[in-house]
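my_file_27.txt (compact mmCIF, C-alpha atoms) appears below.
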# COMPACT_ATOMS: atom_id res chain seq x y z
CA MET A 1 25.09 -1.94 30.49
CA GLN A 2 21.64 -0.54 31.14
CA LYS A 3 19.19 -1.09 28.35
CA SER A 4 15.48 -0.39 28.07
CA VAL A 5 13.73 -3.47 26.76
CA PHE A 6 10.00 -3.62 26.17
CA LYS A 7 8.77 -7.18 26.22
CA GLU A 8 5.48 -8.29 24.70
CA SER A 9 3.79 -8.00 28.08
CA VAL A 10 4.81 -4.37 28.41
CA PHE A 11 3.07 -3.59 25.14
CA LYS A 12 -0.09 -5.28 26.33
CA GLU A 13 -0.07 -3.24 29.51
CA SER A 14 0.36 0.04 27.62
CA LYS A 15 -2.47 2.47 28.15
CA GLY A 16 -2.17 3.87 24.66
CA ILE A 17 0.06 5.31 22.00
CA SER A 18 1.19 8.93 22.10
CA ARG A 19 0.33 11.36 19.32
CA TRP A 20 4.02 11.85 18.63
CA MET A 21 4.60 8.14 18.15
CA MET A 22 1.50 7.84 15.95
CA LEU A 23 2.72 10.72 13.79
CA LEU A 24 6.19 9.19 13.55
CA LEU A 25 4.86 5.79 12.46
CA ALA A 26 2.39 7.33 9.98
CA SER A 27 5.12 9.50 8.44
CA ALA A 28 7.57 6.61 8.32
CA CYS A 29 5.05 4.34 6.57
CA GLY A 30 4.29 7.02 3.98
CA LEU A 31 7.95 7.76 3.23
CA ILE A 32 8.85 4.07 3.00
CA VAL A 33 5.97 2.89 0.83
CA ALA A 34 6.46 5.83 -1.57
CA ASN A 35 9.59 4.03 -2.81
CA LEU A 36 7.32 1.50 -4.51
CA TYR A 37 5.65 4.14 -6.67
CA TYR A 38 8.34 6.66 -7.63
CA ALA A 39 9.39 4.69 -10.71
CA GLN A 40 5.86 4.31 -12.08
CA THR A 41 5.89 7.77 -13.64
CA LEU A 42 9.60 7.57 -14.55
CA VAL A 43 9.66 4.39 -16.65
CA GLY A 44 10.13 6.41 -19.86
CA PRO A 45 13.18 8.51 -18.86
CA ILE A 46 14.77 5.65 -16.88
CA GLY A 47 14.33 3.24 -19.79
CA ALA A 48 15.86 5.73 -22.21
CA ALA A 49 18.83 6.43 -19.91
CA MET A 50 19.48 2.74 -19.26
CA GLY A 51 18.98 1.68 -22.88
CA LEU A 52 16.05 -0.59 -22.01
CA SER A 53 13.41 -1.65 -24.51
CA SER A 54 9.76 -0.83 -23.77
CA ALA A 55 9.18 -4.40 -22.56
CA ALA A 56 12.29 -4.38 -20.37
CA ALA A 57 11.42 -0.93 -18.97
CA GLY A 58 8.08 -2.34 -17.85
CA LEU A 59 10.01 -4.74 -15.62
CA ILE A 60 11.04 -1.79 -13.43
CA VAL A 61 7.57 -1.63 -11.88
CA THR A 62 6.98 -5.39 -12.09
CA LEU A 63 10.18 -6.33 -10.25
CA THR A 64 9.50 -3.75 -7.55
CA GLN A 65 6.09 -5.34 -7.00
CA ILE A 66 7.56 -8.86 -7.02
CA GLY A 67 10.09 -7.81 -4.41
CA TYR A 68 7.34 -6.32 -2.26
CA VAL A 69 5.18 -9.44 -2.37
CA ALA A 70 8.24 -11.59 -1.56
CA GLY A 71 8.97 -9.33 1.40
CA LEU A 72 5.39 -9.58 2.62
CA LEU A 73 5.58 -13.37 2.59
CA PHE A 74 9.14 -13.94 3.82
CA ILE A 75 10.22 -10.84 5.80
CA VAL A 76 7.07 -9.47 7.47
CA PRO A 77 6.38 -12.81 9.25
CA LEU A 78 9.78 -12.43 10.96
CA SER A 79 8.23 -9.70 13.10
CA ASP A 80 6.57 -12.52 15.05
CA ILE A 81 9.92 -13.98 16.13
CA ILE A 82 12.56 -11.20 15.78
CA GLU A 83 12.86 -7.94 17.69
CA ASN A 84 10.84 -5.51 15.57
CA ARG A 85 12.99 -2.40 15.76
CA ARG A 86 16.13 -4.22 14.67
CA LEU A 87 14.26 -5.96 11.84
CA ALA A 88 12.93 -2.62 10.57
CA VAL A 89 16.35 -0.95 10.70
CA VAL A 90 18.09 -3.78 8.83
CA ALA A 91 15.42 -3.88 6.11
CA LEU A 92 15.59 -0.10 5.70
CA ALA A 93 19.37 -0.35 5.32
CA VAL A 94 18.73 -2.69 2.39
CA VAL A 95 16.41 -0.04 0.89
CA VAL A 96 19.10 2.66 1.20
CA CYS A 97 21.67 0.47 -0.55
CA ALA A 98 19.18 -0.36 -3.30
CA LEU A 99 18.23 3.31 -3.79
CA LEU A 100 21.89 4.32 -4.09
CA THR A 101 22.47 1.48 -6.55
CA ALA A 102 19.53 2.69 -8.62
CA THR A 103 20.92 6.23 -8.58
CA PHE A 104 24.36 5.28 -9.89
CA ALA A 105 23.52 2.11 -11.87
CA PRO A 106 25.65 2.01 -15.05
CA ASN A 107 23.28 -0.34 -16.89
CA GLY A 108 19.70 -1.53 -16.98
CA ALA A 109 20.38 -4.96 -15.47
CA LEU A 110 21.79 -3.48 -12.26
CA PHE A 111 18.92 -0.99 -12.05
CA LEU A 112 16.38 -3.82 -12.35
CA ILE A 113 18.11 -5.74 -9.55
CA ALA A 114 18.02 -2.59 -7.42
CA SER A 115 14.27 -2.26 -8.14
CA LEU A 116 13.70 -5.76 -6.80
CA PHE A 117 15.48 -4.95 -3.53
CA ILE A 118 13.71 -1.59 -3.19
CA GLY A 119 10.42 -3.50 -3.15
CA LEU A 120 11.80 -6.20 -0.85
CA GLY A 121 12.98 -3.78 1.84
CA SER A 122 10.00 -1.44 1.63
CA VAL A 123 7.85 -4.01 3.44
CA VAL A 124 9.05 -2.30 6.63
CA ALA A 125 5.86 -0.25 6.32
CA GLN A 126 3.91 -3.46 6.93
CA ILE A 127 6.02 -4.22 9.99
CA LEU A 128 5.34 -0.80 11.49
CA VAL A 129 1.54 -0.89 11.03
CA PRO A 130 0.99 -3.94 13.28
CA TYR A 131 3.77 -2.62 15.55
CA ALA A 132 1.58 0.44 16.16
CA THR A 133 -1.26 -1.82 17.33
CA TYR A 134 0.99 -3.33 20.01
CA LEU A 135 1.47 0.17 21.39
CA ALA A 136 -2.25 0.97 21.22
CA ALA A 137 -4.90 0.17 23.77
CA GLU A 138 -7.70 -2.13 22.56
CA GLU A 139 -10.31 0.62 22.49
CA GLN A 140 -8.14 2.86 20.26
CA ARG A 141 -6.79 0.20 17.90
CA GLY A 142 -9.04 1.11 14.97
CA ARG A 143 -8.19 4.81 15.27
CA VAL A 144 -4.47 4.05 15.47
CA VAL A 145 -4.57 1.78 12.41
CA GLY A 146 -6.58 4.42 10.55
CA ASN A 147 -4.15 7.22 11.36
CA VAL A 148 -1.05 5.21 10.52
CA MET A 149 -2.62 3.91 7.32
CA SER A 150 -3.60 7.43 6.29
CA GLY A 151 0.11 8.29 6.37
CA LEU A 152 0.87 5.24 4.26
CA LEU A 153 -1.86 6.11 1.75
CA LEU A 154 -0.66 9.70 1.49
CA GLY A 155 2.79 8.34 0.67
CA ILE A 156 1.31 6.25 -2.15
CA MET A 157 -0.70 9.13 -3.56
CA PHE A 158 2.01 11.78 -3.34
CA ALA A 159 4.80 9.54 -4.69
CA ARG A 160 3.92 9.81 -8.39
CA PRO A 161 3.45 13.60 -8.65
CA VAL A 162 6.46 14.26 -6.40
CA ALA A 163 8.63 11.98 -8.57
CA SER A 164 7.46 13.82 -11.71
CA LEU A 165 8.18 17.21 -10.15
CA VAL A 166 11.65 16.30 -8.86
CA THR A 167 12.54 14.73 -12.21
CA SER A 168 11.49 17.87 -14.10
CA LEU A 169 13.79 19.94 -11.87
CA TRP A 170 16.88 17.78 -11.32
CA GLY A 171 16.50 14.55 -13.28
CA TRP A 172 15.22 11.10 -12.30
CA GLN A 173 18.40 10.17 -10.39
CA ALA A 174 17.58 12.90 -7.86
CA VAL A 175 14.37 11.05 -6.89
CA PHE A 176 16.29 7.98 -5.73
CA SER A 177 19.19 9.86 -4.16
CA LEU A 178 16.86 12.12 -2.15
CA SER A 179 14.89 9.10 -1.00
CA ALA A 180 18.13 7.42 0.09
CA VAL A 181 18.98 10.45 2.25
CA ILE A 182 15.47 10.59 3.73
CA THR A 183 15.47 6.85 4.46
CA THR A 184 18.88 7.12 6.17
CA LEU A 185 17.55 9.87 8.43
CA LEU A 186 14.51 7.71 9.10
CA ILE A 187 16.72 4.81 10.17
CA ILE A 188 18.47 7.03 12.71
CA LEU A 189 15.17 8.40 14.05
CA LEU A 190 13.42 5.03 14.32
CA SER A 191 16.40 3.35 15.96
CA ARG A 192 16.36 6.01 18.68
CA ALA A 193 12.63 6.62 19.11
CA LEU A 194 11.01 3.19 18.85
CA PRO A 195 10.78 1.04 21.96
CA GLU A 196 11.97 -2.51 21.52
CA ARG A 197 9.41 -5.21 20.99
CA LYS A 198 10.74 -8.70 21.58
CA PRO A 199 8.18 -11.37 20.72
CA SER A 200 8.47 -14.74 22.39
CA PRO A 201 9.23 -17.05 19.45
CA THR A 202 7.56 -20.45 19.61
CA VAL A 203 8.69 -21.72 16.18
CA ASN A 204 11.77 -21.48 13.94
CA TYR A 205 11.75 -19.66 10.60
CA GLY A 206 10.95 -22.75 8.52
CA LYS A 207 7.93 -23.60 10.62
CA LEU A 208 6.97 -19.93 10.66
CA ILE A 209 6.75 -19.81 6.86
CA PHE A 210 4.97 -23.17 6.77
CA SER A 211 2.44 -21.80 9.24
CA LEU A 212 1.33 -19.19 6.68
CA GLY A 213 -0.64 -21.86 4.83
CA VAL A 214 -2.12 -23.14 8.08
CA LEU A 215 -3.13 -19.62 9.13
CA PHE A 216 -4.76 -18.97 5.78
CA LYS A 217 -6.68 -22.24 5.94
CA GLN A 218 -7.81 -21.83 9.55
CA THR A 219 -8.65 -18.11 9.51
CA PRO A 220 -11.87 -17.39 7.60
CA VAL A 221 -11.81 -13.73 8.60
CA LEU A 222 -8.43 -13.35 6.91
CA ARG A 223 -9.62 -15.05 3.71
CA ARG A 224 -12.77 -12.94 3.58
CA ARG A 225 -11.14 -9.59 4.30
CA ALA A 226 -8.28 -10.34 1.87
CA PHE A 227 -10.76 -11.13 -0.92
CA TYR A 228 -12.75 -7.97 -0.22
CA GLN A 229 -9.64 -5.81 -0.40
CA ALA A 230 -8.17 -7.67 -3.39
CA CYS A 231 -11.28 -6.83 -5.42
CA LEU A 232 -11.32 -3.19 -4.33
CA PHE A 233 -7.57 -2.72 -4.73
CA GLY A 234 -7.82 -4.38 -8.13
CA ALA A 235 -10.38 -1.73 -9.12
CA PHE A 236 -8.13 0.97 -7.65
CA SER A 237 -5.10 -0.22 -9.63
CA LEU A 238 -7.15 -0.57 -12.80
CA PHE A 239 -8.34 3.02 -12.44
CA TRP A 240 -4.91 4.56 -11.81
CA THR A 241 -3.36 2.52 -14.62
CA THR A 242 -5.88 3.64 -17.25
CA ALA A 243 -7.16 7.05 -16.08
CA PRO A 244 -3.90 8.81 -17.14
CA LEU A 245 -4.33 7.26 -20.62
CA ARG A 246 -7.88 8.59 -20.88
CA LEU A 247 -6.82 12.02 -19.66
CA ALA A 248 -4.07 12.19 -22.28
CA HIS A 249 -5.99 10.70 -25.20
CA ASP A 250 -9.51 12.06 -24.63
CA PHE A 251 -8.82 15.35 -22.86
CA GLY A 252 -5.36 16.23 -24.21
CA MET A 253 -3.78 16.59 -20.76
CA SER A 254 -0.02 17.00 -20.45
CA GLN A 255 2.14 15.02 -18.02
CA GLN A 256 2.00 17.96 -15.62
CA GLY A 257 -1.78 17.96 -15.78
CA ILE A 258 -1.93 14.24 -15.17
CA ALA A 259 0.43 14.63 -12.20
CA LEU A 260 -1.93 17.24 -10.74
CA PHE A 261 -4.84 14.88 -11.32
CA ALA A 262 -3.00 12.25 -9.26
CA LEU A 263 -3.11 14.66 -6.33
CA VAL A 264 -6.91 14.45 -6.41
CA GLY A 265 -6.70 10.99 -4.91
CA VAL A 266 -5.09 12.43 -1.78
CA GLY A 267 -8.55 13.52 -0.68
CA GLY A 268 -9.53 9.87 -0.39
CA ALA A 269 -7.02 9.32 2.42
CA VAL A 270 -9.33 11.14 4.87
CA ALA A 271 -11.50 8.01 4.91
CA ALA A 272 -8.82 5.94 6.68
CA PRO A 273 -8.87 7.58 10.15
CA ILE A 274 -12.66 8.04 9.96
CA ALA A 275 -13.17 4.36 9.17
CA GLY A 276 -10.86 3.41 12.04
CA LYS A 277 -12.79 5.48 14.57
CA LEU A 278 -16.16 4.13 13.42
CA ALA A 279 -14.83 0.56 13.46
CA ASP A 280 -13.95 1.04 17.13
CA LYS A 281 -17.65 1.77 17.66
CA GLY A 282 -18.73 -1.47 15.99
CA TRP A 283 -19.60 -0.22 12.51
CA THR A 284 -17.25 -2.53 10.59
CA HIS A 285 -19.96 -4.62 8.88
CA LEU A 286 -21.99 -1.66 7.65
CA LEU A 287 -18.96 0.32 6.48
CA THR A 288 -17.57 -2.67 4.58
CA GLY A 289 -20.71 -2.98 2.48
CA LEU A 290 -20.82 0.79 2.00
CA ALA A 291 -17.22 0.84 0.72
CA MET A 292 -18.04 -1.77 -1.92
CA VAL A 293 -21.15 0.09 -3.06
CA ILE A 294 -19.25 3.39 -3.31
CA ALA A 295 -16.45 1.74 -5.33
CA ALA A 296 -18.94 0.18 -7.76
CA LEU A 297 -20.87 3.46 -8.15
CA SER A 298 -17.63 5.35 -8.77
CA PHE A 299 -16.95 3.21 -11.83
CA LEU A 300 -20.58 3.10 -12.90
CA LEU A 301 -20.64 6.89 -13.12
CA ILE A 302 -17.58 7.10 -15.33
CA TYR A 303 -18.98 4.24 -17.45
CA LEU A 304 -22.19 6.21 -18.04
CA PHE A 305 -20.36 9.45 -18.87
CA GLN A 306 -17.81 8.47 -21.51
CA ASP A 307 -17.79 11.52 -23.77
CA HIS A 308 -15.14 14.24 -23.85
CA SER A 309 -17.25 16.88 -22.14
CA MET A 310 -16.37 18.94 -19.09
CA VAL A 311 -19.08 17.05 -17.17
CA ALA A 312 -17.33 13.75 -17.91
CA LEU A 313 -14.02 15.21 -16.73
CA VAL A 314 -15.54 16.49 -13.48
CA ILE A 315 -17.14 13.09 -12.83
CA LEU A 316 -13.76 11.45 -13.42
CA PHE A 317 -12.26 13.72 -10.73
CA ILE A 318 -15.09 12.98 -8.29
CA SER A 319 -14.88 9.24 -8.93
CA ALA A 320 -11.13 9.31 -8.24
CA ILE A 321 -11.83 10.72 -4.77
CA THR A 322 -14.75 8.42 -3.91
CA LEU A 323 -12.93 5.32 -5.18
CA ASP A 324 -9.86 6.15 -3.11
CA MET A 325 -12.07 6.74 -0.06
CA ALA A 326 -13.72 3.35 -0.50
CA VAL A 327 -10.44 1.48 -0.92
CA SER A 328 -8.57 3.22 1.91
CA GLY A 329 -11.53 2.93 4.29
CA ASN A 330 -12.01 -0.77 3.61
CA LEU A 331 -8.29 -1.38 4.03
CA VAL A 332 -8.38 -0.01 7.57
CA LEU A 333 -11.50 -2.04 8.37
CA GLY A 334 -9.79 -5.19 7.13
CA GLN A 335 -6.59 -4.60 9.05
CA ARG A 336 -8.42 -3.85 12.27
CA ALA A 337 -10.38 -7.09 11.89
CA ILE A 338 -7.32 -9.29 11.41
CA TYR A 339 -5.29 -7.50 14.10
CA SER A 340 -8.04 -8.43 16.56
CA LEU A 341 -7.42 -12.15 15.98
CA GLY A 342 -4.40 -12.39 18.29
CA SER A 343 -1.05 -10.73 18.81
CA GLU A 344 1.20 -13.78 18.51
CA ALA A 345 0.59 -14.14 14.74
CA ARG A 346 -0.14 -10.53 13.83
CA GLY A 347 2.91 -10.15 11.59
CA ARG A 348 2.08 -13.26 9.59
CA LEU A 349 -1.59 -12.32 9.32
CA ASN A 350 -0.67 -8.88 8.05
CA GLY A 351 1.84 -10.31 5.58
CA LEU A 352 -0.75 -12.70 4.17
CA PHE A 353 -3.46 -10.05 4.02
CA MET A 354 -1.26 -7.50 2.26
CA SER A 355 0.28 -9.95 -0.20
CA ILE A 356 -3.12 -11.31 -1.27
CA PHE A 357 -4.69 -7.93 -1.92
CA PHE A 358 -1.47 -6.64 -3.51
CA ILE A 359 -1.70 -9.53 -5.98
CA GLY A 360 -5.28 -8.39 -6.60
CA GLY A 361 -3.91 -4.95 -7.40
CA ALA A 362 -1.43 -6.41 -9.88
CA VAL A 363 -4.24 -8.36 -11.57
CA GLY A 364 -6.37 -5.22 -11.74
CA SER A 365 -3.54 -3.22 -13.27
CA SER A 366 -2.93 -5.92 -15.90
CA LEU A 367 -6.64 -6.17 -16.67
CA GLY A 368 -6.85 -2.41 -17.04
CA GLY A 369 -3.97 -2.23 -19.50
CA TRP A 370 -5.36 -5.12 -21.54
CA ALA A 371 -8.95 -3.83 -21.52
CA TYR A 372 -7.97 -0.30 -22.54
CA ALA A 373 -5.81 -1.55 -25.40
CA TYR A 374 -8.43 -4.08 -26.51
CA SER A 375 -11.64 -2.06 -26.31
CA GLY A 376 -10.96 1.39 -24.88
CA TRP A 377 -12.36 3.18 -21.86
CA SER A 378 -15.89 1.72 -21.99
CA PHE A 379 -14.77 -1.88 -21.47
CA THR A 380 -12.22 -0.80 -18.87
CA ALA A 381 -14.84 1.06 -16.79
CA LEU A 382 -17.16 -1.94 -17.05
CA ILE A 383 -14.52 -4.28 -15.60
CA GLY A 384 -13.88 -1.69 -12.88
CA THR A 385 -17.57 -1.82 -11.97
CA VAL A 386 -17.61 -5.61 -11.84
CA LEU A 387 -14.66 -6.02 -9.45
CA PRO A 388 -16.25 -4.36 -6.36
CA LEU A 389 -19.56 -6.04 -7.23
CA LEU A 390 -17.81 -9.43 -6.90
CA SER A 391 -16.72 -8.51 -3.39
CA LEU A 392 -20.24 -7.29 -2.62
CA LEU A 393 -21.75 -10.64 -3.66
CA TYR A 394 -19.33 -12.42 -1.32
CA PHE A 395 -20.09 -9.88 1.38
CA PHE A 396 -23.77 -10.89 1.29
CA THR A 397 -22.72 -14.36 2.54
CA GLU A 398 -21.13 -12.87 5.66
CA LYS A 399 -22.93 -13.24 8.96
CA LYS A 400 -23.11 -10.07 11.01
CA HIS A 401 -21.63 -10.50 14.50

Just give me the structure as structure tokens.
Amino acid sequence: MQKSVFKESVFKESKGISRWMMLLLASACGLIVANLYYAQTLVGPIGAAMGLSSAAAGLIVTLTQIGYVAGLLFIVPLSDIIENRRLAVVALAVVVCALLTATFAPNGALFLIASLFIGLGSVVAQILVPYATYLAAEEQRGRVVGNVMSGLLLGIMFARPVASLVTSLWGWQAVFSLSAVITTLLIILLSRALPERKPSPTVNYGKLIFSLGVLFKQTPVLRRRAFYQACLFGAFSLFWTTAPLRLAHDFGMSQQGIALFALVGVGGAVAAPIAGKLADKGWTHLLTGLAMVIAALSFLLIYLFQDHSMVALVILFISAITLDMAVSGNLVLGQRAIYSLGSEARGRLNGLFMSIFFIGGAVGSSLGGWAYAYSGWSFTALIGTVLPLLSLLYFFTEKKH
């Protein structure tokens, strides 16, 4: 039986990634990661349909996030020892099963279990991003990461308004059933289009997971870039957790209006490919500091303009775009930096990086909800200003190479 197998060495000899493959990987990442965010705008109708209390309904988002972090720590590292295409297809099959379970779940308990597995399997996006770097030549790695990540970021930003729109037309079950169909088609396409990548495993799974702690301890670049992004993603999550509350309470916006506001953040995704290209030219250090300054200024502006005027609303829109640009740009810079550390541990490095800053996002979201309930928008915006400033203070200790 004749079979085309691309070993690790073949990837290293590749002269570059085709535009078609880059588009495929970017689209796949966006469609996959969107599964993490569909339920965020649907907690109310899902909770009512499943008979969940407000506290239990909140677990829908929490369990999805827990599943995602678990996948980052225990599934993504497998890409360093298991053939990547097969790993991606199996994990996506888990997502399809979980989405179908969510669609037809007869009770809240089963839906919550499905939410956990949706998050767990959706880490395929973080297998495909480093996979793209194996296909890319060294001189185009930043651009490739930027383009693929822009697809992922668009998936995040479009997920909420798309889920709201589909629910208004056909009900919330349609969101999960449509995603199950799309993910099934994606499995077929990826299994046929992706070349195999067979890493040469040097450790078993137990030692692989144990090595995560060793990698974190021995890789200062990883620790630094993860802290930078955790602070910025924390600010990002804080903003998108509380901005809809401000829009509804202070400006009287409807759910449709808030969904349209969420589309504003899509403009920030343009920063990802731009940051990747400039990083290839050696601008990583400068752009990192700039991203932190822009994120802090975005919150400072909305802290200074807290009234209910049209000016305050316009500034809120502008800050949404600039904040998203800062976060998406810095994400690409961070991933390019850690992907340059070596190919044999790229999956584990990416899993660690993503899980750390995703935890930062969860902390930011929790802080935002608490701050808004405790002291309103003013205190919330102040915390949002502080988070990127913390990363900037740490950034000042970095030596420029």

With distances taken over all atoms listed in the file, which residue among A:Ile321, A:Val311, A:Cys29, A:Ile209 lies nearest Leu78 in chain A?
A:Ile209

Give me, as a tab-separated table, the closest atom pair and its distance (Å, one decimal) for every residue of range 307-341 of chain A within a cut-off of 12 Å of range 355-368 of chain A, counting only C-alpha atoms, rows sorted by chain and rising number.
residue	atom	partner	partner_atom	distance
A:Val327	CA	A:Phe357	CA	11.1
A:Asn330	CA	A:Phe357	CA	11.6
A:Leu331	CA	A:Phe357	CA	9.6
A:Gly334	CA	A:Phe357	CA	10.7
A:Gln335	CA	A:Phe357	CA	11.6

For CA of Ser179 in chain A and CA of Gln65 in chain A, the interatomic separation in Å (one decimal)
17.9 Å

Atomic separation - CA of Ala226 in chain A relative to CA of Phe353 in chain A, Å:
5.3 Å

List the neighbours of Pro130 in chain A out to 8 Å using all atoms listed in the file; skip same-chain residues closer than 4 positions along the sequence, and give me the result as a list in words.
Gln126, Tyr134, Tyr339, Arg346, Gly347 and Asn350 of chain A

Please produce a file of the residues just selected, as an mmCIF file, in the coordinates of the input, where the atoms kept are C-alpha atoms.
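In the end it all went to result-v8.cif:
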data_model
loop_
_atom_site.group_PDB
_atom_site.id
_atom_site.type_symbol
_atom_site.label_atom_id
_atom_site.label_comp_id
_atom_site.auth_asym_id
_atom_site.auth_seq_id
_atom_site.Cartn_x
_atom_site.Cartn_y
_atom_site.Cartn_z
ATOM 1 C CA GLN A 126 3.910 -3.460 6.930
ATOM 2 C CA TYR A 134 0.990 -3.330 20.010
ATOM 3 C CA TYR A 339 -5.290 -7.500 14.100
ATOM 4 C CA ARG A 346 -0.140 -10.530 13.830
ATOM 5 C CA GLY A 347 2.910 -10.150 11.590
ATOM 6 C CA ASN A 350 -0.670 -8.880 8.050
#

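With distances taken over all atoms listed in the file, A:Gly384 is the one residue among A:Gly384, A:Gly265, A:Gly171, A:Gly213 lying closest to Leu301 in chain A.
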
Quick one: which range 83-177 of chain A residues come within 8 Å of range 240-263 of chain A, and what is the nearest atom pair for each with the distance in Å to one decimal, counting all atoms listed in the file, rows ordered by chain and ascending number, as a Markdown table?
| residue | atom | partner | partner_atom | distance |
| --- | --- | --- | --- | --- |
| A:Met157 | CA | A:Leu263 | CA | 6.6 |
| A:Phe158 | CA | A:Leu263 | CA | 6.6 |
| A:Arg160 | CA | A:Ala259 | CA | 7.1 |
| A:Pro161 | CA | A:Ala259 | CA | 4.8 |
| A:Ser164 | CA | A:Ala259 | CA | 7.1 |

Might you pull out every residue within 9 Å of Glu398 in chain A, with only C-alpha atoms counted and same-chain residues fewer than 3 positions away left off, and present them as JSON, numbers by chain?
{"A": [224, 285, 394, 395]}

For CA of Cys97 in chain A and CA of Ile118 in chain A, the interatomic separation in Å (one decimal)
8.6 Å

Of the candidates A:Ala105, A:Val145, A:Leu194, A:Leu135, which shows the shortest atom-to-atom distance to Asp280 in chain A, using all atoms listed in the file?
A:Val145

Pick out the residues sitting within 8 Å of range 15-25 of chain A, and hand them over as a count of residues only; count only C-alpha atoms, and ignore anything fewer than 4 positions along from it in its own chain.
11

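Shortest separation to Leu189 in chain A among A:Leu208, A:Ala28, A:Ala93, A:Leu153 occurs at residue A:Ala28, atoms counted being all atoms listed in the file.
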
Selected residue of minimal separation from Val175 in chain A among A:Thr385, A:Ser211, A:Ser298, A:Thr103, counting all atoms listed in the file
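For Val175 in chain A, the nearest of the candidates is A:Thr103.
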
Considering only C-alpha atoms, can you say which of A:Thr101, A:Gln229, A:Thr167, A:Thr133 comes closest to Val43 in chain A?
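Among the listed residues, A:Thr167 lies closest to Val43 in chain A.
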
Sel. within 7 Å of pt (14.8, 4.9, -3.1), counting all atoms listed in the file, output as a VMD selection string:
chain A and resid 35 95 to 96 98 to 99 118 176 to 177 179 to 180

Keeping only C-alpha atoms, take the residues you just selected and write them out as a tab-separated table (two decimals), in the coordinates of the input.
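The new file part03.tsv reads:
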chain	number	residue	atom	x	y	z
A	35	ASN	CA	9.59	4.03	-2.81
A	95	VAL	CA	16.41	-0.04	0.89
A	96	VAL	CA	19.10	2.66	1.20
A	98	ALA	CA	19.18	-0.36	-3.30
A	99	LEU	CA	18.23	3.31	-3.79
A	118	ILE	CA	13.71	-1.59	-3.19
A	176	PHE	CA	16.29	7.98	-5.73
A	177	SER	CA	19.19	9.86	-4.16
A	179	SER	CA	14.89	9.10	-1.00
A	180	ALA	CA	18.13	7.42	0.09

Ala91 in chain A environment, 9 Å, only C-alpha atoms, sequence neighbours closer than 2 positions dropped, as a list in words:
Ile75, Arg86, Leu87, Ala88, Val89, Ala93, Val94, Val95, Val96, Leu120, Gly121, Ser122, Val123 and Val124 of chain A

N, CA and C atoms for range 112-123 of chain A, written as a short mmCIF file (atom, residue, chain, number, x, y, z; two decimals), in the coordinates of the input, could you do that?
data_model
loop_
_atom_site.label_atom_id
_atom_site.label_comp_id
_atom_site.auth_asym_id
_atom_site.auth_seq_id
_atom_site.Cartn_x
_atom_site.Cartn_y
_atom_site.Cartn_z
N LEU A 112 17.50 -2.91 -12.58
CA LEU A 112 16.38 -3.82 -12.35
C LEU A 112 16.58 -4.63 -11.07
N ILE A 113 17.81 -5.03 -10.80
CA ILE A 113 18.11 -5.74 -9.55
C ILE A 113 17.84 -4.82 -8.36
N ALA A 114 18.26 -3.56 -8.49
CA ALA A 114 18.02 -2.59 -7.42
C ALA A 114 16.52 -2.41 -7.19
N SER A 115 15.73 -2.41 -8.26
CA SER A 115 14.27 -2.26 -8.14
C SER A 115 13.68 -3.40 -7.33
N LEU A 116 14.18 -4.61 -7.56
CA LEU A 116 13.70 -5.76 -6.80
C LEU A 116 13.94 -5.58 -5.31
N PHE A 117 15.14 -5.11 -4.95
CA PHE A 117 15.48 -4.95 -3.53
C PHE A 117 14.81 -3.73 -2.90
N ILE A 118 14.48 -2.72 -3.71
CA ILE A 118 13.71 -1.59 -3.19
C ILE A 118 12.34 -2.10 -2.72
N GLY A 119 11.71 -2.93 -3.53
CA GLY A 119 10.42 -3.50 -3.15
C GLY A 119 10.54 -4.42 -1.95
N LEU A 120 11.60 -5.24 -1.93
CA LEU A 120 11.80 -6.20 -0.85
C LEU A 120 11.93 -5.50 0.50
N GLY A 121 12.75 -4.45 0.57
CA GLY A 121 12.98 -3.78 1.84
C GLY A 121 11.86 -2.85 2.26
N SER A 122 11.06 -2.40 1.31
CA SER A 122 10.00 -1.44 1.63
C SER A 122 8.84 -2.05 2.41
N VAL A 123 8.89 -3.37 2.63
CA VAL A 123 7.85 -4.01 3.44
C VAL A 123 7.95 -3.60 4.91
#
